[in-house]
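Shown next: final-v5.txt, given as compact mmCIF, C-alpha atoms and all ligand atoms.
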```txt
# COMPACT_ATOMS: atom_id res chain seq x y z
CA MET A 1 70.34 100.94 69.27
CA ILE A 2 67.44 98.70 68.40
CA THR A 3 64.92 99.55 65.70
CA THR A 4 61.37 98.30 65.98
CA PHE A 5 59.14 97.47 63.02
CA GLN A 6 56.97 100.47 63.84
CA GLN A 7 59.96 102.83 63.85
CA HIS A 8 61.26 101.35 60.60
CA VAL A 9 57.94 101.78 58.78
CA SER A 10 57.57 105.36 60.11
CA GLN A 11 61.11 106.20 58.93
CA GLU A 12 60.37 104.74 55.50
CA GLN A 13 57.17 106.73 55.27
CA ALA A 14 58.86 109.95 56.40
CA ARG A 15 60.85 109.86 53.14
CA PHE A 16 57.66 110.71 51.26
CA PRO A 17 56.75 114.37 51.71
CA GLY A 18 53.08 114.82 52.60
CA ALA A 19 52.67 111.21 53.77
CA SER A 20 49.68 111.05 56.09
CA GLY A 21 50.87 108.26 58.40
CA GLU A 22 48.03 106.03 57.17
CA PHE A 23 50.42 103.44 55.74
CA THR A 24 52.25 103.21 59.07
CA TRP A 25 48.90 102.79 60.82
CA LEU A 26 47.91 100.05 58.37
CA MET A 27 51.18 98.17 58.94
CA SER A 28 50.68 98.46 62.69
CA GLY A 29 47.38 96.61 62.18
CA ILE A 30 49.26 93.75 60.52
CA ALA A 31 51.86 93.71 63.29
CA LEU A 32 49.18 93.59 65.98
CA ALA A 33 47.15 90.85 64.29
CA THR A 34 50.21 88.66 63.70
CA LYS A 35 51.25 89.02 67.35
CA MET A 36 47.77 87.82 68.32
CA ILE A 37 48.04 84.91 65.86
CA GLN A 38 51.52 83.89 67.03
CA ALA A 39 50.33 83.88 70.65
CA GLU A 40 47.54 81.50 69.66
CA VAL A 41 49.93 79.36 67.56
CA ARG A 42 52.34 79.06 70.50
CA ARG A 43 49.50 77.97 72.82
CA ALA A 44 47.85 75.79 70.22
CA GLY A 45 48.19 72.43 71.96
CA LEU A 46 47.36 73.87 75.35
CA ALA A 47 44.40 75.96 74.36
CA GLU A 48 42.65 72.96 72.79
CA ILE A 49 42.49 74.93 69.61
CA LEU A 50 44.03 72.18 67.52
CA GLY A 51 42.01 70.14 65.11
CA SER A 52 39.55 70.77 62.38
CA LEU A 53 36.22 72.55 62.53
CA ASP A 54 34.84 69.86 60.22
CA GLN A 55 33.85 72.48 57.72
CA MET A 56 35.17 73.29 54.29
CA ASN A 57 36.39 76.67 53.16
CA ILE A 58 35.63 77.80 49.63
CA GLN A 59 38.78 76.09 48.29
CA GLY A 60 37.23 72.78 49.41
CA GLU A 61 39.79 72.34 52.21
CA VAL A 62 38.91 71.49 55.78
CA GLN A 63 39.20 74.68 57.79
CA GLN A 64 41.30 74.58 60.90
CA LYS A 65 40.31 76.46 64.04
CA LEU A 66 43.52 78.42 63.92
CA ASP A 67 42.76 79.43 60.31
CA VAL A 68 39.50 80.91 61.47
CA TYR A 69 41.10 82.68 64.43
CA ALA A 70 43.90 84.11 62.26
CA ASN A 71 41.41 85.34 59.66
CA GLU A 72 39.26 87.02 62.27
CA ALA A 73 42.26 88.63 64.00
CA LEU A 74 43.45 90.19 60.73
CA ILE A 75 40.00 91.33 59.66
CA HIS A 76 39.36 92.81 63.11
CA CYS A 77 42.66 94.70 63.31
CA LEU A 78 42.53 95.95 59.72
CA SER A 79 38.88 96.86 59.33
CA LEU A 80 39.35 99.56 61.98
CA ARG A 81 41.81 101.32 59.64
CA GLU A 82 39.88 103.93 57.62
CA SER A 83 42.54 103.92 54.94
CA ILE A 84 41.55 100.40 53.80
CA GLY A 85 38.86 100.21 51.14
CA ILE A 86 38.84 96.47 50.53
CA ILE A 87 40.16 93.33 52.20
CA ALA A 88 40.48 90.01 50.38
CA SER A 89 41.32 86.91 52.39
CA GLU A 90 42.06 83.42 51.19
CA GLU A 91 39.49 82.24 53.70
CA ASN A 92 36.61 84.39 52.40
CA GLU A 93 34.81 83.70 49.15
CA LYS A 94 34.25 87.37 48.44
CA PRO A 95 36.31 90.42 49.34
CA ILE A 96 35.17 92.45 52.32
CA ILE A 97 34.25 95.88 51.10
CA LEU A 98 34.88 98.57 53.66
CA ALA A 99 34.84 102.31 52.94
CA HIS A 100 36.01 101.97 49.35
CA LYS A 101 33.90 104.94 48.30
CA SER A 102 35.42 107.20 50.95
CA PRO A 103 38.22 109.51 49.79
CA ASN A 104 40.14 108.40 52.91
CA ALA A 105 40.24 104.81 51.67
CA ARG A 106 43.55 104.57 49.84
CA TYR A 107 44.59 100.92 50.10
CA ALA A 108 43.47 97.37 49.39
CA ILE A 109 44.97 94.52 51.37
CA VAL A 110 44.96 90.82 50.57
CA PHE A 111 46.22 88.05 52.82
CA ASP A 112 46.42 84.36 53.57
CA PRO A 113 45.89 84.34 57.33
CA LEU A 114 47.54 80.95 57.91
CA ASP A 115 49.58 79.42 55.12
CA GLY A 116 50.62 75.78 55.45
CA SER A 117 47.62 74.84 57.53
CA SER A 118 48.14 71.10 56.99
CA ASN A 119 51.18 71.58 59.25
CA ILE A 120 49.28 73.12 62.18
CA ASP A 121 48.58 69.91 64.06
CA VAL A 122 52.19 68.72 63.85
CA ALA A 123 53.91 71.83 65.24
CA VAL A 124 55.66 72.66 61.98
CA THR A 125 56.31 76.24 60.84
CA ILE A 126 53.33 78.06 59.34
CA GLY A 127 52.85 81.71 58.46
CA THR A 128 50.77 84.67 57.32
CA THR A 129 51.30 86.35 53.93
CA PHE A 130 50.01 89.76 52.84
CA SER A 131 50.15 92.23 50.02
CA ILE A 132 49.00 95.83 49.69
CA PHE A 133 47.79 97.76 46.64
CA ARG A 134 47.00 101.41 46.23
CA ARG A 135 43.42 102.11 45.14
CA PRO A 136 42.93 102.42 41.38
CA ASP A 137 43.14 105.92 39.94
CA ASP A 138 39.38 106.33 39.86
CA PRO A 139 38.12 104.54 42.97
CA HIS A 140 34.47 105.24 42.12
CA ALA A 141 34.58 103.67 38.69
CA GLY A 142 33.59 100.10 38.05
CA ASP A 143 33.77 97.05 40.20
CA PRO A 144 35.37 97.25 43.68
CA LEU A 145 37.16 94.02 42.68
CA GLU A 146 39.44 96.20 40.55
CA TRP A 147 41.14 97.26 43.77
CA VAL A 148 42.51 93.75 44.28
CA LEU A 149 42.66 92.40 40.72
CA GLN A 150 45.85 94.31 39.93
CA PRO A 151 49.06 92.66 38.69
CA GLY A 152 51.59 91.97 41.43
CA ARG A 153 53.92 94.58 39.95
CA LYS A 154 51.51 97.17 41.38
CA GLN A 155 51.92 96.00 44.96
CA ILE A 156 53.19 98.88 47.06
CA ALA A 157 54.20 96.59 49.90
CA ALA A 158 54.14 92.90 50.70
CA GLY A 159 55.44 90.54 53.32
CA TYR A 160 54.89 87.59 55.57
CA VAL A 161 55.29 86.41 59.14
CA VAL A 162 56.67 82.94 59.90
CA TYR A 163 55.69 81.27 63.15
CA GLY A 164 58.72 79.01 63.54
CA SER A 165 61.48 78.55 66.08
CA SER A 166 61.04 82.32 66.38
CA THR A 167 58.40 84.63 64.93
CA VAL A 168 59.84 86.67 62.08
CA LEU A 169 58.13 89.40 60.07
CA VAL A 170 59.65 90.11 56.64
CA TYR A 171 58.39 93.01 54.52
CA SER A 172 59.24 95.30 51.66
CA ALA A 173 57.66 98.62 50.76
CA GLY A 174 59.71 98.79 47.57
CA ARG A 175 62.98 99.84 49.22
CA GLY A 176 64.65 96.53 50.01
CA VAL A 177 63.56 93.61 52.14
CA HIS A 178 63.80 93.79 55.92
CA GLY A 179 63.23 91.18 58.62
CA PHE A 180 62.14 91.68 62.23
CA THR A 181 62.18 89.07 64.97
CA LEU A 182 59.54 89.21 67.67
CA ASP A 183 61.07 89.71 71.09
CA PRO A 184 58.52 87.97 73.28
CA ALA A 185 59.86 89.71 76.39
CA VAL A 186 58.86 93.15 75.12
CA GLY A 187 56.23 92.19 72.54
CA SER A 188 57.90 94.11 69.70
CA TYR A 189 59.24 93.12 66.30
CA ILE A 190 62.95 94.11 66.33
CA LEU A 191 65.01 94.69 63.17
CA THR A 192 67.31 91.67 62.85
CA HIS A 193 67.75 91.27 59.07
CA GLU A 194 68.34 94.61 57.37
CA ASN A 195 68.34 94.76 53.58
CA ILE A 196 68.14 91.01 52.91
CA ARG A 197 69.75 89.92 49.62
CA LEU A 198 68.96 86.53 48.13
CA PRO A 199 72.28 84.71 47.62
CA LYS A 200 73.11 84.43 43.88
CA GLN A 201 73.07 80.63 44.23
CA GLY A 202 71.98 78.39 47.06
CA PRO A 203 72.52 74.84 48.26
CA TYR A 204 68.89 73.64 48.08
CA TYR A 205 66.03 72.94 45.77
CA SER A 206 62.61 72.70 47.35
CA ILE A 207 59.73 70.83 45.71
CA ASN A 208 57.29 68.09 46.60
CA GLU A 209 59.24 65.46 44.64
CA ALA A 210 56.61 62.80 45.35
CA TYR A 211 54.63 64.45 42.54
CA CYS A 212 57.35 63.90 39.91
CA ASP A 213 55.02 61.67 37.87
CA LYS A 214 52.41 64.43 37.96
CA PHE A 215 54.47 67.36 36.73
CA GLY A 216 55.80 67.73 33.19
CA ASP A 217 59.16 66.89 31.63
CA LEU A 218 60.28 70.50 32.02
CA TYR A 219 60.50 70.16 35.80
CA VAL A 220 61.85 66.59 35.72
CA ASN A 221 64.66 67.74 33.40
CA TYR A 222 65.33 70.87 35.45
CA LEU A 223 65.73 68.87 38.66
CA LYS A 224 67.94 66.37 36.84
CA ARG A 225 70.20 69.22 35.71
CA LEU A 226 70.40 70.66 39.22
CA ARG A 227 71.40 67.22 40.52
CA SER A 228 73.90 66.67 37.71
CA GLY A 229 76.36 69.24 39.05
CA VAL A 230 76.14 71.36 35.88
CA LEU A 231 75.77 74.47 38.05
CA GLY A 232 79.06 73.70 39.77
CA GLN A 233 77.68 72.07 42.89
CA CYS A 234 75.58 69.18 44.13
CA TYR A 235 72.19 70.21 45.44
CA SER A 236 70.53 69.10 48.61
CA SER A 237 66.77 69.10 49.03
CA ARG A 238 64.52 70.77 51.63
CA PHE A 239 60.72 70.75 51.61
CA ILE A 240 58.67 71.79 54.62
CA GLY A 241 55.28 71.92 52.90
CA SER A 242 54.42 75.42 54.15
CA MET A 243 55.18 77.74 51.26
CA VAL A 244 55.95 80.64 53.55
CA ALA A 245 58.51 78.60 55.51
CA ASP A 246 60.06 77.14 52.36
CA PHE A 247 60.30 80.63 50.88
CA HIS A 248 61.80 82.10 54.07
CA ARG A 249 64.62 79.56 53.93
CA THR A 250 65.09 80.20 50.20
CA LEU A 251 65.28 83.96 50.79
CA LEU A 252 67.95 83.62 53.48
CA ARG A 253 69.97 80.69 52.14
CA GLY A 254 69.29 80.85 48.39
CA GLY A 255 68.28 78.11 45.97
CA VAL A 256 64.89 77.58 44.40
CA PHE A 257 61.36 76.79 45.61
CA ILE A 258 59.02 75.20 43.08
CA TYR A 259 55.33 74.35 43.12
CA PRO A 260 54.64 73.39 39.49
CA ALA A 261 51.37 72.71 37.73
CA THR A 262 50.48 69.05 38.26
CA THR A 263 47.82 66.72 36.92
CA ASP A 264 45.88 67.35 40.15
CA PHE A 265 46.32 71.14 39.91
CA PRO A 266 46.70 71.87 36.17
CA THR A 267 47.16 75.61 36.77
CA GLY A 268 49.24 75.14 39.93
CA LYS A 269 48.09 74.95 43.54
CA LEU A 270 49.30 78.16 45.14
CA ARG A 271 47.17 81.29 45.12
CA LEU A 272 48.40 84.10 42.92
CA LEU A 273 47.15 86.94 45.10
CA TYR A 274 47.79 85.62 48.59
CA GLU A 275 50.91 83.47 48.14
CA ALA A 276 52.75 83.93 44.84
CA ASN A 277 52.51 87.74 44.53
CA PRO A 278 53.92 88.62 47.97
CA VAL A 279 56.87 86.23 47.70
CA ALA A 280 57.56 87.30 44.10
CA PHE A 281 57.64 90.95 45.20
CA LEU A 282 60.06 90.13 48.03
CA ALA A 283 62.22 87.90 45.80
CA GLU A 284 62.63 90.62 43.16
CA GLN A 285 63.33 93.24 45.82
CA ALA A 286 66.05 90.95 47.23
CA GLY A 287 67.70 90.33 43.83
CA GLY A 288 65.98 87.07 42.91
CA ARG A 289 63.22 86.18 40.47
CA ALA A 290 59.81 84.49 40.38
CA SER A 291 58.03 82.90 37.44
CA ASP A 292 54.82 81.02 36.74
CA GLY A 293 56.71 78.90 34.18
CA THR A 294 56.00 81.25 31.30
CA GLN A 295 56.31 84.81 32.62
CA PRO A 296 57.29 86.75 35.74
CA ILE A 297 54.66 86.25 38.43
CA LEU A 298 54.47 90.02 38.96
CA ASP A 299 53.27 90.53 35.35
CA VAL A 300 50.31 88.17 35.60
CA GLN A 301 46.98 89.99 35.34
CA PRO A 302 44.63 88.29 37.80
CA HIS A 303 41.04 87.63 36.80
CA ASP A 304 39.83 85.93 39.97
CA ILE A 305 40.78 86.65 43.56
CA HIS A 306 41.29 82.94 44.32
CA GLN A 307 43.18 82.13 41.11
CA ARG A 308 45.92 79.52 41.38
CA THR A 309 49.33 79.55 39.75
CA ALA A 310 52.50 77.56 39.34
CA LEU A 311 55.43 79.19 41.18
CA ILE A 312 59.18 78.94 40.66
CA VAL A 313 61.06 81.41 42.84
CA GLY A 314 64.62 81.79 43.92
CA SER A 315 68.20 82.83 43.28
CA GLU A 316 69.52 84.33 40.08
CA ILE A 317 71.58 81.30 39.00
CA GLU A 318 68.86 78.69 39.59
CA MET A 319 66.25 80.90 37.91
CA ALA A 320 68.49 81.47 34.88
CA GLU A 321 68.93 77.71 34.59
CA PHE A 322 65.16 77.26 34.81
CA GLU A 323 64.67 79.73 31.94
CA ARG A 324 67.26 77.81 29.90
CA CYS A 325 65.28 74.58 30.49
CA VAL A 326 62.05 76.35 29.42
CA GLN A 327 63.72 77.35 26.15
CA ASP A 328 65.15 73.85 25.60
CA CYS A 329 61.73 72.36 26.22
CA ALA A 330 60.08 74.78 23.75
CA GLY A 331 62.82 74.00 21.16
CA GLN A 332 62.29 70.28 21.66
CA ARG A 333 58.54 70.64 21.19
CA SER A 334 58.82 72.64 17.98
CA GLY A 335 61.42 70.13 16.69
CA ASP A 336 59.01 67.28 17.46
CA ALA A 337 56.16 69.14 15.73
CA ARG A 338 58.32 69.69 12.61
CA ALA A 339 59.33 66.03 12.57
CA ALA A 340 55.68 64.99 12.76
CA THR A 341 54.68 67.04 9.69
P1 LIG B 401 48.62 73.85 52.90
O1 LIG B 401 47.88 73.06 51.86
O2 LIG B 401 49.12 73.03 54.04
O3 LIG B 401 47.87 75.09 53.37
O4 LIG B 401 48.89 76.44 49.39
C1 LIG B 401 48.90 75.91 50.64
C2 LIG B 401 50.07 74.99 50.92
O5 LIG B 401 49.97 74.42 52.19
C3 LIG B 401 51.45 75.67 50.80
O6 LIG B 401 51.77 76.42 51.93
C4 LIG B 401 52.37 74.52 50.57
O7 LIG B 401 53.57 74.86 49.91
C5 LIG B 401 51.53 73.61 49.72
O8 LIG B 401 50.16 73.92 49.98
C6 LIG B 401 51.80 72.17 50.04
O9 LIG B 401 51.07 71.37 49.16
P2 LIG B 401 51.40 69.81 49.00
O10 LIG B 401 50.95 69.16 50.25
O11 LIG B 401 50.60 69.42 47.81
O12 LIG B 401 52.88 69.68 48.77
```

Give the structure from this file in structure tokens form.
Amino acid sequence: MITTFQQHVSQEQARFPGASGEFTWLMSGIALATKMIQAEVRRAGLAEILGSLDQMNIQGEVQQKLDVYANEALIHCLSLRESIGIIASEENEKPIILAHKSPNARYAIVFDPLDGSSNIDVAVTIGTTFSIFRRPDDPHAGDPLEWVLQPGRKQIAAGYVVYGSSTVLVYSAGRGVHGFTLDPAVGSYILTHENIRLPKQGPYYSINEAYCDKFGDLYVNYLKRLRSGVLGQCYSSRFIGSMVADFHRTLLRGGVFIYPATTDFPTGKLRLLYEANPVAFLAEQAGGRASDGTQPILDVQPHDIHQRTALIVGSEIEMAEFERCVQDCAGQRSGDARAAT
């Protein structure tokens, strides 16, 4: 018997007595929008949709036509859902405030419509990431931004879709991580990866190593230790340059994905809300961990919807080794400081 994404979400929701079906309806909006996006991605070269719009988004990056299409598809499919009070997109400077004052509005959703957009024109895997929060206890109080400026630990669901050799939707609503592959013949996401567990250790580390002169000694030493065989194996390297694709491989095969702070991006490049939070939620649900270099990503209190962060995410063994390197580095620094006084 096959299980579709829709059936799976409905079954999950049925476990909660009194559930209204609104969450299932919201997730169906994501499924629909990502099917529209994947259709456009697959036709990209043919539909003359490739190339840049020669305009910058608020992050100062050149917007791609597919970015714009993906953003509009998600906003269109989700803004029809009365249960959503606020939408925040990586592509929009400000959140889109819907019926946040209505008692029916119970959720906030944030997303990156097309992650890895520098890979669009070269037919390399890209993806959509999303995360969902419940409205704050008093939805009428204060700034509507409070709906989305919640620590990642408060996400009630998160996930992504990768548009790769197949289209795969991975999500968690706090009860394990599940993956669904789009069957193009029937147009449905079919359960293909039930209860994904991140392997305890993996064969790869994934980082843009060309920046090794731009990130600190902590990361240089960590990579050196991974290469040294101290963890009982020799590592190989994989780096696609689309976070969502690099994370998808890490989730299924294990290992570690790293985007550290660099001299170009002193607080990291990836977005806390749209990129780091969803993958951190999935990693923890699957038995792995995610850090910003000093604390678990899910504990970071955001102060800006477009805030950037460093991200280190992966398997238990590689993450434990990373934490050991953080401690060594701190010990070294305090030793140096003592020696200087
Ligand atoms: P992109 O700029 O192509 O949209 O944060 C966006 C992101 O891709 C990530 O998906 C990816 O991991 C990272 O940037 C790649 O950045 P570098 O080119 O600096 O490695």

If we count all atoms listed in the file and set the cut-off at 9 Å, which residues sit around A:Ile87, ignoring sequence neighbours fewer than 6 positions away in its own chain? Please answer as a ChimeraX atom specification.
/A:75,78-79,95-98,108-111,148

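Using all atoms listed in the file, the shortest contact distance between A:Leu282 and any of A:Ser131, A:Thr267, A:Thr309, A:Asn71 is found at A:Ser131.
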
Atom CA of A:Phe265 to atom CA of A:Met319 measures 22.3 Å

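Residues surrounding A:Glu321 within 9 Å are Tyr222, Arg225, Leu226, Leu231, Glu316, Ile317, Cys325 and Val326 of chain A [only C-alpha atoms; sequence separation below 4 positions excluded].
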
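Put simply, atom CA of A:Ser334 is 20.0 Å away from atom CA of A:Phe215.
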
Name the residues in contact with A:Arg271 at a cut-off of 8 Å, using all atoms listed in the file, excluding same-chain residues fewer than 4 positions from it; report them as a ChimeraX atom specification.
-> /A:275-276,306-309

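Comparing A:Lys35, A:Lys214, A:Arg338, A:Arg175 by their smallest distance to ligand LIG 401 (chain B), the closest is A:Lys214 (using all atoms listed in the file).
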
Residues within 6 Å of ligand LIG 401 (chain B) (all atoms listed in the file), as a VMD selection string? chain A and resid 115 to 119 208 241 to 243 270

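Using only C-alpha atoms, the residues found no farther than 8 Å from A:Gly216, other than those of its own chain fewer than 4 positions away, are Cys212, Val220 and Thr262 of chain A.
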